[in-house]
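Peer 1: Shown below is the structure under consideration.
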Amino acid sequence: MKEIAIFQLFYITLLIYFLLHVIPTASQQYPDEHGFDYKNSRKGPGKWGELHREWRACSNGSMQSPIDLLNEKVKIVPQLGTLKRRYQPSNATLKKRGHDIMLKWQPGGGTLKIKGTEYILKQCHWHSPSEHTINGKRHDLEIHKVHKSKDGKVAVVGIIYKIGRPDSFLSSLEERLRLVAGTKENETLAGIINPKDIKLGSREYYRYIGSLTTPPCTENVLWTIVRKVRTVSRKQVNLLRAASHDKSNSNARPIQGINGRSVQLYSPRSSREE
């Protein structure tokens with residue numbers, strides 16, 4: 001009986017270790033983003049790869065994002081074709097994640113098809129200033145529309161904004177964003193939201209293989225960045241920052257090295273407003 005008790009104690013100890021050290025691996029993608037920050041600190045971008053074993057790609061990955069989209073080094077590839085989006089209105093929630101605001105569609109906001117693979121639109125969120133730069137210039141805001149295929153592949157569509165006229169999609173969310181900004185609740189219902197209302201503005205886009213721009217900085221993410229820079233008002237950018245309840249004035253990761261990667265540009269003969 002004593003040997004059985006010792007074995008049971010060993011098994012319980014092993015189970016506790018597993019629960020504390022192994023299971024968190026899956027959850028350490030930190031949907032609430034409190035495990036890191038954007039400051040020059042022990043939890044800042046330069047240290048992300050040292051904070052957790054599962055985040056090592058943030059420091060030693062070779063295909064990291066964001067990058068500078070330098071026009072003189074991109075390759076024009078007309079064969080890429082226009083983006084095949086089949087978005088649809090769906091129930092959505094607004095959620096504060098610590099450093100940004102996420103709009104999440106339940107169960108999804110439709111699909112995006114790239115090279116025969118269908119990706120389901122899961123969520124979008126905003127970074128200010130923009131994370132990607134164009135010809136070395138960083139703009140005021142960037143939205144990321146995150147898609148995932150059934151086999152777990154990730155495709156992100158990014159749209160960059162500069163200060164100017166208000167963005168119509170953010171205008172439709174302003175009341176809900178103020179509600180989030182004025183409450184301690186981390187999540188609120190946003191109702192039926194149509195992803196088609198997030199306008200691209202152009203058929204031209206950049207395409208490259210990169211990573212998530214937040215820990216764990218997972219690589220082999222298929223990036224599509226719309227070439228045209230759209231406009232957003234200063235008031236809207238400030239509202240997004242206030243709604244996140246993040247005291248930092250930035251949630252943009254520094255530019256990462258290209259490391260020999262190819263950056264393609266889809267540029268049809270004519271580009272029209274969408």
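Going through the structure tokens in order, the chains are called A, B, and so on, while each chain numbers its residues from 1 and the ligands are numbered from 1 in the order shown.
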Please provide as a count of residues only all residues within 10 Å of Val226 in chain A, with the sequence filter that same-chain residues fewer than 3 positions apart are discarded (counting only C-alpha atoms).

Peer 2: 17

Peer 1: Run DSSP on the backbone and tell me which residues of range 208-270 of chain A come out as strand (DSSP E); list them as number ranges by chain.

Peer 2: A: 208-211, 219-226, 230-232, 264-266

Peer 1: Selection from above, C-alpha atoms, as a PDB file, in the first residue's frame, can you write it?

Peer 2:
ATOM      1  CA  TYR A 208       5.301  38.084 -49.018  1.00  0.00           C
ATOM      2  CA  ILE A 209       5.832  35.329 -46.444  1.00  0.00           C
ATOM      3  CA  GLY A 210       6.303  36.580 -42.897  1.00  0.00           C
ATOM      4  CA  SER A 211       5.129  36.039 -39.341  1.00  0.00           C
ATOM      5  CA  GLU A 219       6.331  32.185 -39.198  1.00  0.00           C
ATOM      6  CA  ASN A 220       4.993  31.083 -42.607  1.00  0.00           C
ATOM      7  CA  VAL A 221       2.173  33.625 -42.445  1.00  0.00           C
ATOM      8  CA  LEU A 222       0.964  34.692 -45.894  1.00  0.00           C
ATOM      9  CA  TRP A 223       0.873  38.494 -45.942  1.00  0.00           C
ATOM     10  CA  THR A 224      -1.102  40.699 -48.326  1.00  0.00           C
ATOM     11  CA  ILE A 225      -0.635  44.456 -47.860  1.00  0.00           C
ATOM     12  CA  VAL A 226      -2.849  46.762 -49.919  1.00  0.00           C
ATOM     13  CA  ARG A 230      -6.201  55.107 -47.131  1.00  0.00           C
ATOM     14  CA  THR A 231      -7.224  57.841 -44.673  1.00  0.00           C
ATOM     15  CA  VAL A 232      -8.386  57.878 -41.071  1.00  0.00           C
ATOM     16  CA  GLN A 264       5.836  40.575 -54.899  1.00  0.00           C
ATOM     17  CA  LEU A 265       3.515  43.281 -56.172  1.00  0.00           C
ATOM     18  CA  TYR A 266       0.245  42.620 -57.927  1.00  0.00           C
TER      19      TYR A 266
END

Peer 1: What gap, in Å, lies between CA of Tyr119 in chain A and CA of Leu212 in chain A?

Peer 2: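 These atoms are spaced 15.9 Å apart.
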
Peer 1: With only C-alpha atoms as the atoms that count, which of A:Glu187, A:Asp100, A:Asp68, A:Asp167 lies nearest to Ile134 in chain A?

Peer 2: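 Comparing A:Glu187, A:Asp100, A:Asp68, A:Asp167 against Ile134 in chain A, the winner is A:Asp68.
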
Peer 1: Could you list, as a PyMOL selection string, every residue within 8 Å of Val74 in chain A, counting only C-alpha atoms and ignoring same-chain residues fewer than 3 positions away?

Peer 2: chain A and resi 69-71+262-265

Peer 1: Can you pull out every residue within 6 Å of Ala243 in chain A, counting only C-alpha atoms, but drop anything in the same chain fewer than 2 positions away, and send it as number ranges by chain?

Peer 2: A: 180-181, 239-241, 245

Peer 1: So, with only C-alpha atoms as the atoms that count, which of A:Val154, A:Pro45, A:Ser267, A:Lys113 lies closest to Arg227 in chain A?

Peer 2: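 Selected residue with least distance to Arg227 in chain A: A:Ser267.
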
Peer 1: Can you list, as a PyMOL selection string, every residue of range 33-192 of chain A that DSSP puts in alpha helix (DSSP H)?

Peer 2: chain A and resi 48-51+57-60+168-181
